[in-house]
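Visitor: I am sharing work23.txt, which consists of compact mmCIF, C-alpha atoms:
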```
# COMPACT_ATOMS: atom_id res chain seq x y z
CA MET V 1 27.89 26.42 40.87
CA ILE V 2 25.25 28.89 39.58
CA ALA V 3 25.05 27.02 36.26
CA GLN V 4 24.75 23.72 38.11
CA ILE V 5 21.87 25.02 40.23
CA GLY V 6 20.13 26.53 37.19
CA LEU V 7 20.42 23.34 35.15
CA SER V 8 19.29 21.25 38.11
CA ILE V 9 16.15 23.37 38.52
CA LEU V 10 15.43 22.94 34.80
CA LEU V 11 15.95 19.19 34.98
CA LEU V 12 13.75 18.92 38.07
CA GLY V 13 11.12 20.77 36.04
CA VAL V 14 11.54 18.22 33.25
CA MET V 15 11.20 15.37 35.78
CA PHE V 16 7.97 16.91 37.13
CA TYR V 17 6.64 17.26 33.56
CA ALA V 18 7.60 13.64 32.83
CA TRP V 19 5.83 12.50 36.00
CA THR V 20 2.62 14.32 35.01
CA GLU V 21 2.78 12.73 31.54
CA TYR V 22 3.43 9.20 32.82
CA SER V 23 -0.23 8.18 33.09
CA ARG V 24 -0.98 9.26 29.48
CA ALA V 25 2.24 8.12 27.80
CA PRO V 26 4.11 5.72 30.14
CA ALA V 27 7.04 5.08 27.79
CA ILE V 28 7.69 8.77 27.22
CA GLY V 29 7.20 9.67 30.89
CA LEU V 30 9.52 6.97 32.17
CA GLY V 31 12.15 7.59 29.48
CA SER V 32 12.18 11.34 30.17
CA MET V 33 12.51 10.75 33.92
CA VAL V 34 15.46 8.40 33.43
CA VAL V 35 17.25 10.78 31.04
CA ALA V 36 16.57 13.78 33.32
CA ALA V 37 17.89 11.83 36.32
CA ALA V 38 21.02 10.95 34.33
CA GLY V 39 21.41 14.63 33.48
CA LEU V 40 21.16 15.62 37.15
CA TYR V 41 23.74 13.00 38.06
CA PHE V 42 26.23 14.22 35.47
CA ILE V 43 25.76 17.89 36.38
CA TRP V 44 26.78 17.27 39.98
CA LEU V 45 29.39 14.61 39.23
CA PRO V 46 31.00 15.89 36.01
CA SER V 47 34.06 13.67 36.48
CA HIS V 48 31.78 10.64 36.11
CA ALA V 49 30.42 12.18 32.91
CA THR V 50 33.96 12.55 31.57
CA TRP V 51 34.77 8.97 32.51
CA LEU V 52 31.59 7.62 30.89
CA ALA V 53 32.06 9.84 27.82
CA SER V 54 35.56 8.52 27.21
CA LEU V 55 34.28 4.99 27.78
CA VAL V 56 31.66 5.29 25.00
CA GLY V 57 33.97 7.32 22.75
CA ILE V 58 32.29 10.73 22.96
CA GLY V 59 35.35 12.64 24.13
CA ARG V 60 34.38 15.23 26.71
CA GLY V 61 31.90 14.91 29.58
CA VAL V 62 30.26 18.19 28.63
CA ASP V 63 29.44 16.72 25.21
CA LEU V 64 27.72 13.80 26.93
CA ILE V 65 25.57 16.23 28.93
CA LEU V 66 24.74 18.04 25.70
CA TYR V 67 23.63 14.77 24.13
CA VAL V 68 21.44 14.09 27.16
CA TRP V 69 19.77 17.45 26.53
CA VAL V 70 19.26 16.60 22.88
CA ILE V 71 17.64 13.28 23.81
CA LEU V 72 15.39 15.05 26.31
CA SER V 73 14.36 17.62 23.70
CA LEU V 74 13.52 14.87 21.21
CA MET V 75 11.43 13.06 23.82
CA VAL V 76 9.51 16.24 24.61
CA MET V 77 8.92 16.73 20.87
CA LEU V 78 7.67 13.16 20.56
CA ASN V 79 5.36 13.75 23.49
CA LEU V 80 3.94 16.86 21.79
CA HIS V 81 3.38 14.78 18.66
CA LEU V 82 1.48 12.19 20.69
CA LYS V 83 -0.60 14.93 22.28
CA LEU V 84 -1.51 16.22 18.82
CA ARG V 85 -2.57 12.69 17.87
CA SER V 86 -4.79 12.51 20.94
CA GLN V 87 -6.35 15.85 19.99
CA MET V 88 -6.95 14.54 16.48
CA GLU V 89 -8.68 11.44 17.86
CA LEU V 90 -10.91 13.69 19.94
CA ILE V 91 -11.78 15.86 16.92
CA THR V 92 -12.54 12.71 14.91
CA ALA V 93 -14.87 11.42 17.62
CA LEU V 94 -16.69 14.77 17.71
CA THR V 95 -16.94 14.91 13.90
CA ARG V 96 -18.30 11.36 13.89
CA GLU V 97 -21.05 12.19 16.37
CA ILE V 98 -22.03 15.32 14.40
CA ALA V 99 -22.06 13.37 11.11
CA ILE V 100 -24.25 10.60 12.55
CA ALA V 101 -26.59 13.12 14.13
CA ASN V 102 -26.96 14.97 10.81
CA ALA V 103 -27.35 11.89 8.57
CA ARG V 104 -30.18 12.25 6.06
CA PRO V 105 -31.68 10.05 3.31
CA ALA V 106 -29.69 9.99 0.08
CA PRO V 107 -31.24 11.95 -2.80
CA PRO V 108 -32.85 9.74 -5.48
CA THR V 109 -30.38 8.85 -8.24
CA ALA V 110 -31.28 9.08 -11.90
CA THR V 111 -31.87 5.67 -13.54
CA MET V 112 -31.13 4.86 -17.15
CA SER V 113 -34.02 3.55 -19.21
CA MET E 114 -26.44 9.70 3.45
CA LEU E 115 -23.62 10.26 5.89
CA GLN E 116 -21.13 13.02 5.23
CA ALA E 117 -18.04 13.62 7.33
CA PRO E 118 -14.78 15.18 6.20
CA SER E 119 -12.28 12.57 7.31
CA SER E 120 -9.66 10.10 6.20
CA CYS E 121 -10.10 6.40 5.47
CA GLY E 122 -9.97 4.82 8.93
CA ALA E 123 -12.07 7.54 10.53
CA ALA E 124 -14.68 7.27 7.77
CA LEU E 125 -14.80 3.48 8.14
CA GLN E 126 -15.40 3.68 11.89
CA THR E 127 -18.07 6.32 11.33
CA GLY E 128 -19.79 4.05 8.80
CA ILE E 129 -19.64 1.07 11.16
CA ARG E 130 -21.04 3.13 14.03
CA PHE E 131 -23.81 4.47 11.82
CA ALA E 132 -24.74 1.02 10.49
CA LEU E 133 -24.90 -0.36 14.05
CA HIS E 134 -26.97 2.65 15.06
CA ARG E 135 -29.42 1.84 12.24
CA GLY E 136 -29.71 -1.78 13.38
CA ALA E 137 -27.68 -3.52 10.64
CA ASP E 138 -27.19 -7.28 11.04
CA TYR E 139 -24.27 -7.41 8.60
CA ILE E 140 -21.82 -4.72 7.60
CA VAL E 141 -19.70 -4.82 4.45
CA THR E 142 -16.74 -2.52 3.86
CA PHE E 143 -15.83 -1.75 0.28
CA ASP E 144 -13.17 0.44 -1.31
CA ALA E 145 -14.53 3.19 -3.53
CA ASP E 146 -11.75 3.18 -6.11
CA GLY E 147 -13.34 0.55 -8.34
CA GLN E 148 -10.96 -2.30 -7.51
CA HIS E 149 -13.56 -4.49 -5.78
CA ARG E 150 -16.41 -6.47 -7.33
CA ALA E 151 -19.87 -6.05 -5.84
CA ALA E 152 -20.56 -9.69 -6.85
CA ASP E 153 -18.10 -10.84 -4.16
CA ILE E 154 -20.30 -9.48 -1.38
CA ASP E 155 -22.69 -12.45 -1.56
CA GLY E 156 -19.80 -14.85 -0.98
CA LEU E 157 -18.66 -12.89 2.06
CA ILE E 158 -22.10 -12.91 3.68
CA GLU E 159 -22.61 -16.59 2.88
CA SER E 160 -19.25 -17.42 4.46
CA LEU E 161 -20.30 -15.65 7.66
CA THR E 162 -23.45 -17.71 8.03
CA ALA E 163 -22.01 -21.00 6.73
CA ASN E 164 -19.02 -20.89 9.09
CA ASN E 165 -20.81 -19.23 12.01
CA ALA E 166 -18.12 -16.56 11.79
CA ASP E 167 -18.21 -12.89 12.77
CA PHE E 168 -15.68 -11.64 10.24
CA ALA E 169 -15.23 -12.57 6.58
CA LEU E 170 -12.02 -11.17 5.17
CA GLY E 171 -11.59 -10.90 1.42
CA SER E 172 -8.35 -12.37 0.10
CA ARG E 173 -7.00 -11.50 -3.31
CA PHE E 174 -4.37 -14.21 -2.98
CA LEU E 175 -7.05 -16.92 -2.56
CA GLY E 176 -9.10 -15.35 -5.34
CA GLY E 177 -7.59 -13.20 -8.03
CA ALA E 178 -5.59 -10.04 -8.44
CA LEU E 179 -5.89 -8.82 -12.01
CA ASP E 180 -3.11 -6.59 -13.36
CA MET E 181 -1.37 -6.39 -9.99
CA PRO E 182 2.13 -4.93 -10.40
CA MET E 183 5.00 -7.01 -9.04
CA SER E 184 6.04 -4.23 -6.64
CA ARG E 185 2.54 -4.23 -5.09
CA ARG E 186 2.60 -8.04 -4.78
CA LEU E 187 5.96 -7.87 -3.00
CA LEU E 188 4.81 -5.10 -0.66
CA LEU E 189 1.62 -6.98 0.23
CA THR E 190 3.51 -10.23 0.83
CA VAL E 191 5.81 -8.50 3.33
CA ALA E 192 2.87 -6.68 4.94
CA THR E 193 0.90 -9.93 5.24
CA TRP E 194 3.78 -11.68 7.00
CA PHE E 195 4.19 -8.69 9.33
CA THR E 196 0.47 -8.82 10.15
CA ARG E 197 0.56 -12.59 10.70
CA LEU E 198 3.47 -12.18 13.09
CA THR E 199 1.99 -9.28 15.06
CA THR E 200 -1.65 -10.45 15.23
CA GLY E 201 -1.34 -14.22 15.18
CA LEU E 202 -4.08 -14.38 12.54
CA LYS E 203 -3.55 -17.01 9.86
CA ILE E 204 -4.35 -14.82 6.89
CA SER E 205 -3.18 -14.82 3.30
CA ASP E 206 -3.88 -11.14 2.56
CA THR E 207 -3.82 -7.84 4.40
CA HIS E 208 -5.07 -4.32 3.79
CA ASN E 209 -7.90 -5.70 1.69
CA GLY E 210 -10.80 -3.30 2.09
CA LEU E 211 -13.43 -5.84 1.05
CA ARG E 212 -14.71 -7.54 4.20
CA ALA E 213 -17.93 -8.33 5.98
CA MET E 214 -18.80 -8.58 9.64
CA THR E 215 -21.76 -9.45 11.78
CA ARG E 216 -23.35 -7.02 14.17
CA ARG E 217 -21.59 -8.79 17.05
CA GLY E 218 -18.22 -8.54 15.28
CA ALA E 219 -18.68 -4.90 14.30
CA SER E 220 -19.56 -3.92 17.85
CA ARG E 221 -16.11 -5.17 18.93
CA ILE E 222 -14.35 -2.84 16.48
CA THR E 223 -13.28 0.64 17.58
CA LEU E 224 -10.80 2.11 15.13
CA ARG E 225 -8.56 4.86 16.47
CA GLN E 226 -6.29 4.99 13.46
CA ASN E 227 -7.70 7.68 11.21
CA ARG E 228 -5.47 6.97 8.24
CA MET E 229 -4.39 3.79 6.45
CA ALA E 230 -3.08 1.99 9.54
CA HIS E 231 -6.72 1.22 10.41
CA ALA E 232 -6.54 -1.95 8.27
CA THR E 233 -3.84 -3.41 10.51
CA GLU E 234 -5.56 -2.08 13.64
CA LEU E 235 -8.78 -3.79 12.57
CA LEU E 236 -7.01 -7.14 12.23
CA HIS E 237 -5.47 -6.64 15.69
CA GLN E 238 -8.93 -6.04 17.12
CA ILE E 239 -10.32 -9.12 15.36
CA ALA E 240 -7.52 -11.18 16.91
CA ARG E 241 -8.13 -9.65 20.33
CA SER E 242 -11.89 -10.24 20.14
CA GLY E 243 -11.36 -13.98 19.92
CA LEU E 244 -14.29 -14.18 17.51
CA ARG E 245 -14.25 -16.53 14.54
CA TYR E 246 -13.01 -15.21 11.20
CA VAL E 247 -12.80 -16.72 7.74
CA GLU E 248 -11.01 -15.75 4.59
CA VAL E 249 -13.00 -15.61 1.39
CA PRO E 250 -11.56 -15.54 -2.15
CA VAL E 251 -12.29 -12.23 -3.87
CA THR E 252 -11.09 -10.67 -7.09
CA ILE E 253 -9.37 -7.33 -7.22
CA GLU E 254 -8.96 -5.48 -10.49
CA TYR E 255 -6.14 -2.98 -10.52
CA SER E 256 -6.52 0.06 -12.70
CA ARG E 257 -4.41 3.15 -13.18
CA TYR E 258 -6.86 5.00 -10.93
CA SER E 259 -6.84 2.43 -8.13
CA LEU E 260 -3.05 2.15 -8.27
CA ALA E 261 -2.74 5.93 -7.94
CA LYS E 262 -5.03 5.80 -4.89
CA GLY E 263 -3.34 2.72 -3.44
CA GLN E 264 -0.48 2.40 -1.02
CA ARG E 265 3.19 2.76 -1.76
CA LEU E 266 6.30 1.94 0.23
CA THR E 267 6.25 5.40 1.86
CA ASP E 268 2.66 4.75 2.99
CA SER E 269 3.81 1.48 4.57
CA LEU E 270 6.42 3.37 6.58
CA ARG E 271 3.78 5.89 7.65
CA ILE E 272 1.55 3.02 8.77
CA LEU E 273 4.41 1.63 10.87
CA VAL E 274 4.91 5.08 12.46
CA ASP E 275 1.17 5.40 13.17
CA LEU E 276 1.01 1.93 14.74
CA SER E 277 4.11 2.61 16.87
CA ALA E 278 2.80 5.99 18.01
CA GLN E 279 -0.47 4.43 19.10
CA ARG E 280 1.41 2.05 21.35
CA LEU E 281 3.18 4.96 23.07
CA HIS E 282 0.09 6.70 24.42
CA ARG E 283 -3.30 5.84 25.80
```
Spit out the file's structure as structure tokens when you get a sec.

Guide:
Amino acid sequence: MIAQIGLSILLLGVMFYAWTEYSRAPAIGLGSMVVAAAGLYFIWLPSHATWLASLVGIGRGVDLILYVWVILSLMVMLNLHLKLRSQMELITALTREIAIANARPAPPTATMS
Amino acid sequence: MLQAPSSCGAALQTGIRFALHRGADYIVTFDADGQHRAADIDGLIESLTANNADFALGSRFLGGALDMPMSRRLLLTVATWFTRLTTGLKISDTHNGLRAMTRRGASRITLRQNRMAHATELLHQIARSGLRYVEVPVTIEYSRYSLAKGQRLTDSLRILVDLSAQRLHR
């Protein structure tokens, strides 16, 4: 029971994180919420996890829950990657403005006679 | 002179912004690896005015591609079909850096892709703008230098990753 409560709190945290990210990255936010909800479901109804695991050929229900965690971790990593891309776009925009503001005439080039 | 440490797409957008800022009527983009001919620029600008178009896209497959390796031809053929499918543009070439645009066309371009995926992104934005575009035959001369700077299969995969990632976030 203690493990179930602990994992549920963690998954609720993941769902909150996914909800806050939804407006910026809808696909990641929605996907994370669905996977976290599936995780919550399987934690409280492990027999269903076992049934579903055997149905898809995983073996044990606990393995299925583990896979759910792996998928969640990958989605969080993808989200971090997307955040880095957004940061890079911001840096590019700033660099662009600085470059345009500091543009100066090109130095005269030597001509061949 | 405009100096900014950045990759290809970012530099292109900076150049376009700067040219618009300076009041340019036409903007030409041109690769700096020696594969393009400056003589083709006249044809691009003439095509814009003659066809009342806002974008003139250079096509090596309508013009010429000197010393193009077979692997590059194959890669570009696949990339062109991918671009035709995803943008709806009826084009014969893709990722050709030699192109011209009017002030109106350029003001509709906002490249977010800093790296090589900008060439596909630009075509998407041309399609979305609904403005008229034409293809113009140009000649590309491949050299050992330009081939070393050019794109390989791994770059194509990176472009696909960049384009997919852009669709995942705002």

Visitor: Counting all atoms listed in the file, I want the residues whose atoms come within 12 Å of (20.6, 16.4, 24.3) in the file frame, returned as a VMD selection string.

Guide: chain V and resid 11 32 35 to 36 38 to 39 62 to 76

Visitor: For the residues selected in the previous step, produce a file with C-alpha atoms as a JSON list (two decimals), in the coordinates of the input.

Guide:
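As written to disk, selection_21.json reads:
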```json
[["chain", "number", "residue", "atom", "x", "y", "z"],
["V", 11, "LEU", "CA", 15.95, 19.19, 34.98],
["V", 32, "SER", "CA", 12.18, 11.34, 30.17],
["V", 35, "VAL", "CA", 17.25, 10.78, 31.04],
["V", 36, "ALA", "CA", 16.57, 13.78, 33.32],
["V", 38, "ALA", "CA", 21.02, 10.95, 34.33],
["V", 39, "GLY", "CA", 21.41, 14.63, 33.48],
["V", 62, "VAL", "CA", 30.26, 18.19, 28.63],
["V", 63, "ASP", "CA", 29.44, 16.72, 25.21],
["V", 64, "LEU", "CA", 27.72, 13.80, 26.93],
["V", 65, "ILE", "CA", 25.57, 16.23, 28.93],
["V", 66, "LEU", "CA", 24.74, 18.04, 25.70],
["V", 67, "TYR", "CA", 23.63, 14.77, 24.13],
["V", 68, "VAL", "CA", 21.44, 14.09, 27.16],
["V", 69, "TRP", "CA", 19.77, 17.45, 26.53],
["V", 70, "VAL", "CA", 19.26, 16.60, 22.88],
["V", 71, "ILE", "CA", 17.64, 13.28, 23.81],
["V", 72, "LEU", "CA", 15.39, 15.05, 26.31],
["V", 73, "SER", "CA", 14.36, 17.62, 23.70],
["V", 74, "LEU", "CA", 13.52, 14.87, 21.21],
["V", 75, "MET", "CA", 11.43, 13.06, 23.82],
["V", 76, "VAL", "CA", 9.51, 16.24, 24.61]]
```

Visitor: Counting only C-alpha atoms, which residues from chain E have an atom at most 12 Å from any atom of chain V, and could you show them as a ChimeraX atom specification?

Guide: /E:114-135,223-228,274-283

Visitor: From the options E:Gln238, E:Gln148, E:Thr193, E:Thr200, which residue's atoms come nearest to E:Asp180, counting all atoms listed in the file?

Guide: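 Smallest distance to E:Asp180 is found for E:Gln148.
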
Visitor: Just the residues within 10 Å of E:Ile253, please, counting only C-alpha atoms, with nothing from its chain fewer than 6 positions along; format it as an NGL selection string.

Guide: :E and (147-150 or 153 or 171-174 or 176-181 or 209 or 211)

Visitor: Mind giving me the straight-line distance from atom CA of V:Trp19 to atom CA of V:Gly31 in Å, one decimal?

Guide: 10.3 Å
